[in-house]
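Next comes target_30.cif, a file with mmCIF, C-alpha atoms and all ligand atoms.
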data_my_file
#
loop_
_atom_site.label_atom_id
_atom_site.label_comp_id
_atom_site.auth_asym_id
_atom_site.auth_seq_id
_atom_site.Cartn_x
_atom_site.Cartn_y
_atom_site.Cartn_z
CA MET A 60 -91.89 81.56 109.71
CA ILE A 61 -93.24 85.09 109.66
CA GLY A 62 -93.24 87.34 106.61
CA ALA A 63 -92.15 90.79 107.80
CA VAL A 64 -93.06 93.95 105.88
CA ASP A 65 -91.51 97.32 106.71
CA ILE A 66 -93.05 100.30 104.94
CA GLY A 67 -91.01 103.49 105.06
CA GLY A 68 -91.04 106.75 103.17
CA THR A 69 -88.21 105.80 100.82
CA LYS A 70 -88.27 101.99 100.72
CA ILE A 71 -90.39 98.95 101.38
CA ALA A 72 -88.45 96.05 102.89
CA VAL A 73 -89.65 92.48 103.19
CA GLY A 74 -88.02 89.64 105.10
CA LEU A 75 -88.57 86.19 106.47
CA VAL A 76 -88.09 86.05 110.23
CA ASP A 77 -87.90 82.87 112.29
CA GLU A 78 -89.35 82.28 115.76
CA LYS A 79 -86.18 83.58 117.43
CA GLY A 80 -86.24 86.89 115.58
CA ARG A 81 -83.55 86.03 113.02
CA VAL A 82 -83.93 87.42 109.50
CA LEU A 83 -83.33 84.56 107.02
CA ALA A 84 -84.01 86.36 103.73
CA ARG A 85 -84.71 89.93 102.67
CA ALA A 86 -85.73 92.01 99.66
CA GLN A 87 -86.56 95.66 99.11
CA THR A 88 -87.98 98.14 96.63
CA PRO A 89 -88.37 101.95 96.50
CA THR A 90 -91.68 103.27 97.88
CA ASP A 91 -94.13 104.78 95.39
CA GLY A 92 -96.30 106.86 97.69
CA HIS A 93 -98.85 107.56 94.97
CA ASN A 94 -99.51 104.03 93.80
CA TYR A 95 -100.85 101.57 96.38
CA ALA A 96 -101.68 98.82 93.86
CA LYS A 97 -98.07 98.76 92.64
CA GLY A 98 -96.82 98.67 96.24
CA LEU A 99 -99.13 95.78 97.13
CA GLU A 100 -98.02 93.84 94.06
CA ALA A 101 -94.35 94.39 94.98
CA ILE A 102 -94.93 93.25 98.58
CA VAL A 103 -96.74 90.09 97.48
CA GLY A 104 -93.95 89.37 94.98
CA MET A 105 -91.18 89.90 97.56
CA LEU A 106 -92.94 87.72 100.13
CA ARG A 107 -93.21 84.89 97.54
CA GLU A 108 -89.59 85.42 96.44
CA THR A 109 -88.10 85.37 99.98
CA SER A 110 -90.25 82.34 100.92
CA ALA A 111 -88.91 80.51 97.86
CA GLN A 112 -85.32 81.45 98.81
CA VAL A 113 -85.73 79.90 102.25
CA GLY A 114 -87.80 77.01 100.88
CA THR A 115 -90.79 77.57 103.13
CA THR A 116 -94.21 79.20 103.28
CA VAL A 117 -95.18 81.99 105.64
CA THR A 118 -97.41 81.13 108.58
CA GLY A 119 -98.22 84.76 109.33
CA ILE A 120 -97.44 88.31 108.21
CA GLY A 121 -96.46 91.24 110.39
CA ILE A 122 -96.27 94.83 109.14
CA GLY A 123 -94.55 97.88 110.58
CA ALA A 124 -95.50 101.05 108.74
CA THR A 125 -94.63 104.69 109.00
CA GLY A 126 -97.68 106.26 110.57
CA PRO A 127 -100.28 107.24 111.28
CA VAL A 128 -101.94 103.85 110.76
CA ASP A 129 -105.02 102.25 112.28
CA PRO A 130 -103.51 99.12 113.85
CA ILE A 131 -106.86 97.55 114.67
CA ARG A 132 -108.48 97.91 111.24
CA GLY A 133 -105.16 97.60 109.39
CA GLU A 134 -105.61 100.81 107.38
CA PHE A 135 -103.25 103.59 106.46
CA GLY A 136 -104.06 107.05 107.74
CA ASP A 137 -103.09 110.41 106.33
CA VAL A 138 -99.35 109.93 105.78
CA ASP A 139 -97.68 112.90 104.02
CA PHE A 140 -95.56 110.85 101.64
CA LEU A 141 -98.06 107.99 101.06
CA PRO A 142 -101.04 109.93 99.65
CA GLY A 143 -102.07 107.02 97.40
CA TRP A 144 -102.15 104.60 100.35
CA ARG A 145 -104.65 106.52 102.45
CA SER A 146 -107.53 104.34 103.77
CA LYS A 147 -106.10 101.31 101.94
CA ASN A 148 -106.21 98.11 104.01
CA LEU A 149 -102.94 96.24 103.57
CA VAL A 150 -103.83 93.75 106.31
CA ALA A 151 -107.00 92.63 104.51
CA ASP A 152 -105.25 92.56 101.13
CA LEU A 153 -102.33 90.40 102.35
CA GLU A 154 -104.67 88.08 104.26
CA GLN A 155 -106.55 87.56 101.02
CA SER A 156 -103.37 86.83 99.03
CA PHE A 157 -101.72 84.47 101.53
CA SER A 158 -104.61 83.20 103.72
CA VAL A 159 -102.58 83.69 106.91
CA PRO A 160 -103.23 85.92 109.96
CA THR A 161 -101.77 89.41 109.41
CA ALA A 162 -101.26 92.38 111.73
CA MET A 163 -99.94 95.93 111.37
CA GLU A 164 -98.54 98.53 113.77
CA ASN A 165 -96.83 101.89 113.54
CA ASP A 166 -93.14 101.16 112.84
CA ALA A 167 -91.88 102.69 116.09
CA ASP A 168 -94.36 100.58 118.06
CA ALA A 169 -93.16 97.55 116.08
CA ALA A 170 -89.54 98.30 116.99
CA ALA A 171 -90.53 98.82 120.64
CA LEU A 172 -92.20 95.39 120.66
CA ALA A 173 -89.09 93.84 119.08
CA GLU A 174 -86.68 95.36 121.63
CA ALA A 175 -89.01 94.26 124.45
CA GLY A 176 -89.43 90.77 123.04
CA TRP A 177 -86.12 89.86 121.42
CA GLY A 178 -83.76 92.76 122.12
CA ALA A 179 -82.12 94.90 124.80
CA GLY A 180 -85.34 95.40 126.76
CA ARG A 181 -86.13 91.70 127.11
CA SER A 182 -86.20 91.58 130.91
CA HIS A 183 -88.25 94.76 131.30
CA THR A 184 -92.03 95.16 131.26
CA ARG A 185 -92.19 98.99 131.50
CA LEU A 186 -90.14 100.18 128.60
CA ILE A 187 -90.00 103.20 126.32
CA TYR A 188 -88.35 102.90 122.93
CA VAL A 189 -86.94 106.14 121.51
CA THR A 190 -85.54 106.55 118.02
CA VAL A 191 -83.56 109.68 117.12
CA GLY A 192 -82.77 110.19 113.43
CA THR A 193 -84.29 112.62 110.96
CA GLY A 194 -87.12 112.88 113.50
CA ILE A 195 -87.80 111.57 116.99
CA GLY A 196 -90.35 108.85 117.56
CA GLY A 197 -90.97 106.01 119.91
CA GLY A 198 -93.22 103.41 121.42
CA ILE A 199 -94.38 102.86 124.98
CA ILE A 200 -94.78 99.45 126.59
CA LEU A 201 -96.48 99.41 129.98
CA ASP A 202 -96.72 96.20 131.99
CA GLY A 203 -95.82 94.20 128.90
CA LYS A 204 -98.56 95.77 126.75
CA LEU A 205 -98.13 98.21 123.92
CA TYR A 206 -99.72 101.46 125.04
CA ARG A 207 -102.44 102.74 122.70
CA GLY A 208 -104.29 105.98 123.04
CA VAL A 209 -107.82 106.94 122.08
CA ASP A 210 -109.01 105.12 118.93
CA GLY A 211 -105.75 103.11 118.97
CA ALA A 212 -103.71 106.26 118.42
CA HIS A 213 -99.91 106.21 118.68
CA PRO A 214 -98.46 108.82 121.07
CA GLU A 215 -95.91 111.20 119.50
CA ILE A 216 -93.14 111.56 122.07
CA GLY A 217 -91.04 113.63 119.65
CA HIS A 218 -93.61 116.42 119.82
CA GLN A 219 -93.34 117.18 123.52
CA VAL A 220 -92.55 120.89 123.76
CA LEU A 221 -89.22 121.62 125.45
CA ASP A 222 -88.86 125.29 124.54
CA ALA A 223 -91.98 127.21 123.55
CA SER A 224 -89.81 129.87 121.89
CA GLY A 225 -87.82 127.26 119.97
CA PRO A 226 -87.84 126.50 116.22
CA PRO A 227 -91.23 125.96 114.52
CA CYS A 228 -92.34 122.34 114.03
CA SER A 229 -94.61 120.75 111.41
CA CYS A 230 -97.05 119.75 114.20
CA GLY A 231 -98.00 123.37 114.86
CA PHE A 232 -95.98 124.06 118.02
CA ARG A 233 -92.53 125.54 118.45
CA GLY A 234 -89.62 123.94 120.23
CA CYS A 235 -90.71 120.29 120.10
CA TRP A 236 -88.13 117.70 121.17
CA GLU A 237 -87.81 116.67 117.52
CA SER A 238 -87.16 120.23 116.33
CA LEU A 239 -84.43 120.63 118.97
CA ALA A 240 -82.71 117.26 119.09
CA ALA A 241 -83.28 115.24 115.89
CA GLY A 242 -80.35 115.00 113.44
CA PRO A 243 -81.41 118.00 111.30
CA ALA A 244 -81.62 120.12 114.48
CA MET A 245 -77.91 119.49 115.13
CA VAL A 246 -77.11 120.66 111.60
CA ALA A 247 -79.40 123.71 112.00
CA TRP A 248 -77.68 124.63 115.28
CA LEU A 249 -74.32 124.51 113.56
CA ASP A 250 -75.64 126.60 110.66
CA ARG A 251 -76.69 129.30 113.10
CA HIS A 252 -73.43 129.33 115.06
CA ALA A 253 -70.66 128.64 112.56
CA PRO A 254 -68.98 131.54 110.74
CA ALA A 255 -69.34 131.48 106.94
CA GLY A 256 -67.12 128.85 105.35
CA TYR A 257 -66.41 127.06 108.64
CA PHE A 258 -67.84 123.75 107.41
CA GLU A 259 -67.98 122.13 104.03
CA ARG A 260 -71.55 122.68 102.95
CA PRO A 261 -73.69 121.02 101.77
CA GLY A 262 -73.30 117.56 103.17
CA VAL A 263 -72.75 118.27 106.84
CA THR A 264 -74.84 115.72 108.72
CA ALA A 265 -75.32 114.95 112.40
CA LYS A 266 -72.96 112.02 111.86
CA ARG A 267 -70.27 114.30 110.41
CA ILE A 268 -70.66 116.76 113.29
CA CYS A 269 -70.10 113.89 115.73
CA GLU A 270 -66.95 112.86 113.84
CA LEU A 271 -65.64 116.45 113.91
CA ALA A 272 -66.34 116.64 117.65
CA LEU A 273 -64.29 113.47 118.15
CA GLU A 274 -61.48 115.03 116.10
CA GLY A 275 -61.45 117.95 118.55
CA ASP A 276 -63.39 120.61 116.62
CA GLU A 277 -64.66 123.01 119.29
CA LEU A 278 -67.80 124.20 117.54
CA ALA A 279 -68.81 120.62 116.76
CA GLN A 280 -68.22 119.80 120.43
CA GLN A 281 -70.58 122.63 121.38
CA ALA A 282 -73.17 121.22 118.98
CA VAL A 283 -72.76 117.84 120.68
CA GLU A 284 -73.15 119.46 124.10
CA HIS A 285 -76.33 121.22 122.95
CA GLU A 286 -77.64 117.93 121.49
CA GLY A 287 -76.90 116.06 124.73
CA TYR A 288 -78.71 118.73 126.73
CA TYR A 289 -81.92 118.49 124.70
CA LEU A 290 -81.77 114.69 124.47
CA GLY A 291 -81.43 114.69 128.26
CA LEU A 292 -84.39 117.05 128.78
CA GLY A 293 -86.74 114.96 126.62
CA LEU A 294 -85.65 111.74 128.30
CA ALA A 295 -86.02 113.36 131.74
CA ASN A 296 -89.63 114.23 130.86
CA LEU A 297 -90.31 110.61 129.85
CA ILE A 298 -88.81 109.44 133.15
CA SER A 299 -90.88 111.93 135.18
CA LEU A 300 -94.09 110.98 133.35
CA PHE A 301 -93.71 107.20 133.15
CA THR A 302 -90.93 106.13 135.59
CA PRO A 303 -90.10 103.23 133.24
CA ASP A 304 -87.74 100.32 134.00
CA ALA A 305 -85.78 101.13 130.90
CA ILE A 306 -85.51 103.45 127.93
CA VAL A 307 -84.08 101.86 124.78
CA LEU A 308 -82.30 104.33 122.49
CA SER A 309 -82.12 103.78 118.75
CA GLY A 310 -81.77 105.63 115.44
CA SER A 311 -78.92 107.08 113.41
CA VAL A 312 -78.06 109.86 115.90
CA MET A 313 -77.83 107.28 118.68
CA LYS A 314 -75.03 105.53 116.82
CA SER A 315 -72.97 108.31 118.43
CA ALA A 316 -74.61 107.81 121.84
CA ALA A 317 -71.24 107.59 123.61
CA LEU A 318 -70.73 111.29 122.85
CA PHE A 319 -74.01 112.32 124.48
CA MET A 320 -74.48 109.89 127.35
CA GLU A 321 -72.61 111.77 130.08
CA ARG A 322 -74.48 115.00 129.37
CA ILE A 323 -77.79 113.13 129.18
CA GLN A 324 -77.19 111.56 132.61
CA GLU A 325 -76.14 114.92 134.04
CA VAL A 326 -79.35 116.60 132.80
CA ILE A 327 -81.50 113.79 134.21
CA ARG A 328 -79.70 113.99 137.58
CA GLY A 329 -80.16 117.76 137.58
CA GLY A 330 -83.95 117.37 137.71
CA CYS A 331 -86.32 114.41 138.15
CA ARG A 332 -85.98 114.83 141.94
CA PHE A 333 -89.36 113.36 142.75
CA VAL A 334 -88.98 110.08 140.88
CA PRO A 335 -86.34 107.33 141.21
CA ALA A 336 -84.69 108.40 137.94
CA GLY A 337 -81.47 106.52 138.75
CA LYS A 338 -83.40 103.26 138.54
CA THR A 339 -84.47 103.84 134.93
CA GLU A 340 -81.88 102.09 132.83
CA LEU A 341 -80.81 103.86 129.61
CA MET A 342 -79.76 101.25 127.10
CA LEU A 343 -78.92 101.09 123.42
CA ALA A 344 -81.11 99.14 121.00
CA SER A 345 -79.58 95.76 120.21
CA LEU A 346 -81.30 94.58 117.03
CA GLY A 347 -79.19 96.59 114.59
CA ASP A 348 -80.04 97.44 111.01
CA ASP A 349 -82.67 94.71 110.69
CA SER A 350 -84.65 96.11 113.61
CA ASN A 351 -87.55 97.29 111.43
CA LEU A 352 -88.02 93.85 109.85
CA ILE A 353 -87.62 92.12 113.20
CA GLY A 354 -90.12 94.59 114.62
CA ALA A 355 -92.63 93.83 111.88
CA ALA A 356 -92.35 90.11 112.65
CA ARG A 357 -92.74 90.82 116.36
CA VAL A 358 -96.03 92.58 115.59
CA TRP A 359 -97.41 89.23 114.47
CA HIS A 360 -96.18 87.44 117.63
CA TYR A 361 -97.58 90.19 119.84
CA ARG A 362 -101.00 89.97 118.21
CA PHE A 363 -101.40 86.24 117.66
CA SER A 364 -99.04 84.09 119.73
ZN ZN A 401 -93.83 119.10 116.89
#

Take the structure in the file and write it out as structure tokens.
Amino acid sequence: MIGAVDIGGTKIAVGLVDEKGRVLARAQTPTDGHNYAKGLEAIVGMLRETSAQVGTTVTGIGIGATGPVDPIRGEFGDVDFLPGWRSKNLVADLEQSFSVPTAMENDADAAALAEAGWGAGRSHTRLIYVTVGTGIGGGIILDGKLYRGVDGAHPEIGHQVLDASGPPCSCGFRGCWESLAAGPAMVAWLDRHAPAGYFERPGVTAKRICELALEGDELAQQAVEHEGYYLGLGLANLISLFTPDAIVLSGSVMKSAALFMERIQEVIRGGCRFVPAGKTELMLASLGDDSNLIGAARVWHYRFS
């Protein structure tokens, strides 16, 4: 039984996950980015609490954390909304509290491992996991191994530049995939193109735009077309660069994937002439809302079993 810990910007979730990737108990608490000691205490408490609920003890702990993290040393890097966690070693601290082997990865890498091990990507060894929500992130698995860059660094697929004259991005460039195709980019596109008073503001989200498109709203349909185009371009780049067996799509925006898929395929077919793009399968993530906890547990299996 693996204790799974998912550390995000707004909440910390803990769960107990069995050897088939099923979540048997869960607990969560808001994240206090300034206070690591309080966070550690809450995690230890929730791990004890969920273990007691299931009537077992954990045999290992896996952590998926919003990055950057150092997966080898188990330390947090410079994360904007976790200033008090910087350089803290959660792996060492949990190993000390529970005396079980513990491992940590970036949360997108954790989810990629879960989809490759227990989810939609199970039969594929060259797989890219892409999550599209408030940002765009992902993880790359090549020949069954999680790809790591220099010093164990996690590649940022959301910051590939698709339009150098596009909107500015926090990374320093303009026109990154994330700034053109994440959920907020859909809302920003609508803001630029809708006449005053066209939409109820505030509160328009990518999800709402997708609903309006389904109801036949023409401007929302244009926003969806624009979104599909940029999703397709970013995915086409991944296909040209990696020629993977499969790309697994996840995240809140991808809950409306049916609206974008035709356009995505059309964009990919329109380019990618020199690679067998038709052989890369585009599939939806299959692990649902527990995917972060399942991913955290999979981190342990990937490292130790
Ligand atoms: Zn960027």

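For the choices A:Trp144, A:Ala111, A:Asn165, A:Leu149, the atom-to-atom distance to Gly354 (chain A) is smallest for A:Asn165 when using all atoms listed in the file.
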
Enumerate as a PyMOL selection string the residues within 8 Å of ligand ZN 401 (chain A), counting all atoms listed in the file. chain A and resi 217-220+227-238

Go ahead and write the selection's residues with C-alpha atoms as a tab-separated table (two decimals), in the coordinates of the input.
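This went into out.tsv:
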chain	number	residue	atom	x	y	z
A	217	GLY	CA	-91.04	113.63	119.65
A	218	HIS	CA	-93.61	116.42	119.82
A	219	GLN	CA	-93.34	117.18	123.52
A	220	VAL	CA	-92.55	120.89	123.76
A	227	PRO	CA	-91.23	125.96	114.52
A	228	CYS	CA	-92.34	122.34	114.03
A	229	SER	CA	-94.61	120.75	111.41
A	230	CYS	CA	-97.05	119.75	114.20
A	231	GLY	CA	-98.00	123.37	114.86
A	232	PHE	CA	-95.98	124.06	118.02
A	233	ARG	CA	-92.53	125.54	118.45
A	234	GLY	CA	-89.62	123.94	120.23
A	235	CYS	CA	-90.71	120.29	120.10
A	236	TRP	CA	-88.13	117.70	121.17
A	237	GLU	CA	-87.81	116.67	117.52
A	238	SER	CA	-87.16	120.23	116.33

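Residues within 7 Å of Leu341 (chain A), counting all atoms listed in the file and excluding same-chain residues fewer than 4 positions away, are Ala305, Ile306 and Val307 of chain A.
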
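Distance check against Arg185 (chain A) using all atoms listed in the file: of A:Asp202, A:Asp222, A:Asp348, A:Asp137, the minimum falls on A:Asp202.
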
Which polymer residues have any atom within 12 Å of an atom of Asp349 (chain A), counting only C-alpha atoms, with same-chain residues fewer than 3 positions away left out, as a VMD selection string? chain A and resid 63 to 65 72 to 76 80 to 86 170 173 to 174 178 310 344 to 346 352 to 356

Could you tell me how far CA of Pro303 (chain A) lies from CA of Ile200 (chain A), in Å and to one decimal? 9.0 Å

Just need the box for region 171-180 of chain A, edges along x, y and z, holding every atom the file lists for it with 6 Å tacked onto each side, so centre and edge lengths in Å to one decimal, as lines of an AutoDock Vina configuration file.
center_x = -87.2
center_y = 94.3
center_z = 122.9
size_x = 22.1
size_y = 21.0
size_z = 19.7

Within 8 Å of region 273-296 of chain A, which residues of region 301-320 of chain A show up? Give each one with its shortest atom-to-atom distance in Å (one decimal) and the two atoms involved, counting all atoms listed in the file, rows by chain then rising residue number, as a tab-separated table.
residue	atom	partner	partner_atom	distance
A:Leu318	CA	A:Val283	CA	7.2
A:Phe319	CA	A:Gly287	CA	4.7
A:Met320	CA	A:Gly287	CA	7.1

Using all atoms listed in the file: which of A:Gly180, A:Gly133, A:Pro226, A:Gly329 has the shortest distance to Ala162 (chain A): A:Gly133

Would you please work out which residue, of A:Ser299, A:Thr115, A:Thr190, A:Ser146, is nearest to Ile327 (chain A) when using only C-alpha atoms? A:Ser299

Residues of region 144-198 of chain A within 9 Å of region 93-110 of chain A: nearest atom pair and distance (Å, one decimal) for each, counting only C-alpha atoms, sorted by chain and number, as a Markdown table?
| residue | atom | partner | partner_atom | distance |
| --- | --- | --- | --- | --- |
| A:Trp144 | CA | A:Tyr95 | CA | 5.2 |
| A:Arg145 | CA | A:Tyr95 | CA | 8.7 |
| A:Lys147 | CA | A:Tyr95 | CA | 7.7 |
| A:Leu149 | CA | A:Leu99 | CA | 7.5 |
| A:Asp152 | CA | A:Leu99 | CA | 8.0 |
| A:Leu153 | CA | A:Val103 | CA | 7.4 |
| A:Ser156 | CA | A:Val103 | CA | 7.5 |
| A:Phe157 | CA | A:Val103 | CA | 8.5 |

From (-89.6, 104.5, 100.1), in the file's coordinates, out to 9 Å: which residues are reached, counting only C-alpha atoms? Answer as a PDB file with C-alpha atoms, in the frame of the given file.
ATOM      1  CA  ILE A  66     -93.050 100.300 104.940  1.00  0.00           C
ATOM      2  CA  GLY A  67     -91.010 103.490 105.060  1.00  0.00           C
ATOM      3  CA  GLY A  68     -91.040 106.750 103.170  1.00  0.00           C
ATOM      4  CA  THR A  69     -88.210 105.800 100.820  1.00  0.00           C
ATOM      5  CA  LYS A  70     -88.270 101.990 100.720  1.00  0.00           C
ATOM      6  CA  ILE A  71     -90.390  98.950 101.380  1.00  0.00           C
ATOM      7  CA  ALA A  72     -88.450  96.050 102.890  1.00  0.00           C
ATOM      8  CA  THR A  88     -87.980  98.140  96.630  1.00  0.00           C
ATOM      9  CA  PRO A  89     -88.370 101.950  96.500  1.00  0.00           C
ATOM     10  CA  THR A  90     -91.680 103.270  97.880  1.00  0.00           C
ATOM     11  CA  ASP A  91     -94.130 104.780  95.390  1.00  0.00           C
ATOM     12  CA  GLY A  92     -96.300 106.860  97.690  1.00  0.00           C
ATOM     13  CA  PHE A 140     -95.560 110.850 101.640  1.00  0.00           C
TER      14      PHE A 140
END

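Using all atoms listed in the file, the shortest contact distance between Arg357 (chain A) and any of A:Asn148, A:Asp168, A:Val128, A:Phe333 is found at A:Asp168.
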
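Considering the residues A:Gly198, A:Glu154, A:Gly256, A:Val159 and counting only C-alpha atoms, Ala175 (chain A) has its shortest atom-to-atom contact with A:Gly198.
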
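A straight line drawn from CA of Lys266 (chain A) to CA of Gly192 (chain A) is 10.1 Å long.
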
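For the pair CA of Leu343 (chain A) and CA of Leu308 (chain A), the separation is 4.8 Å.
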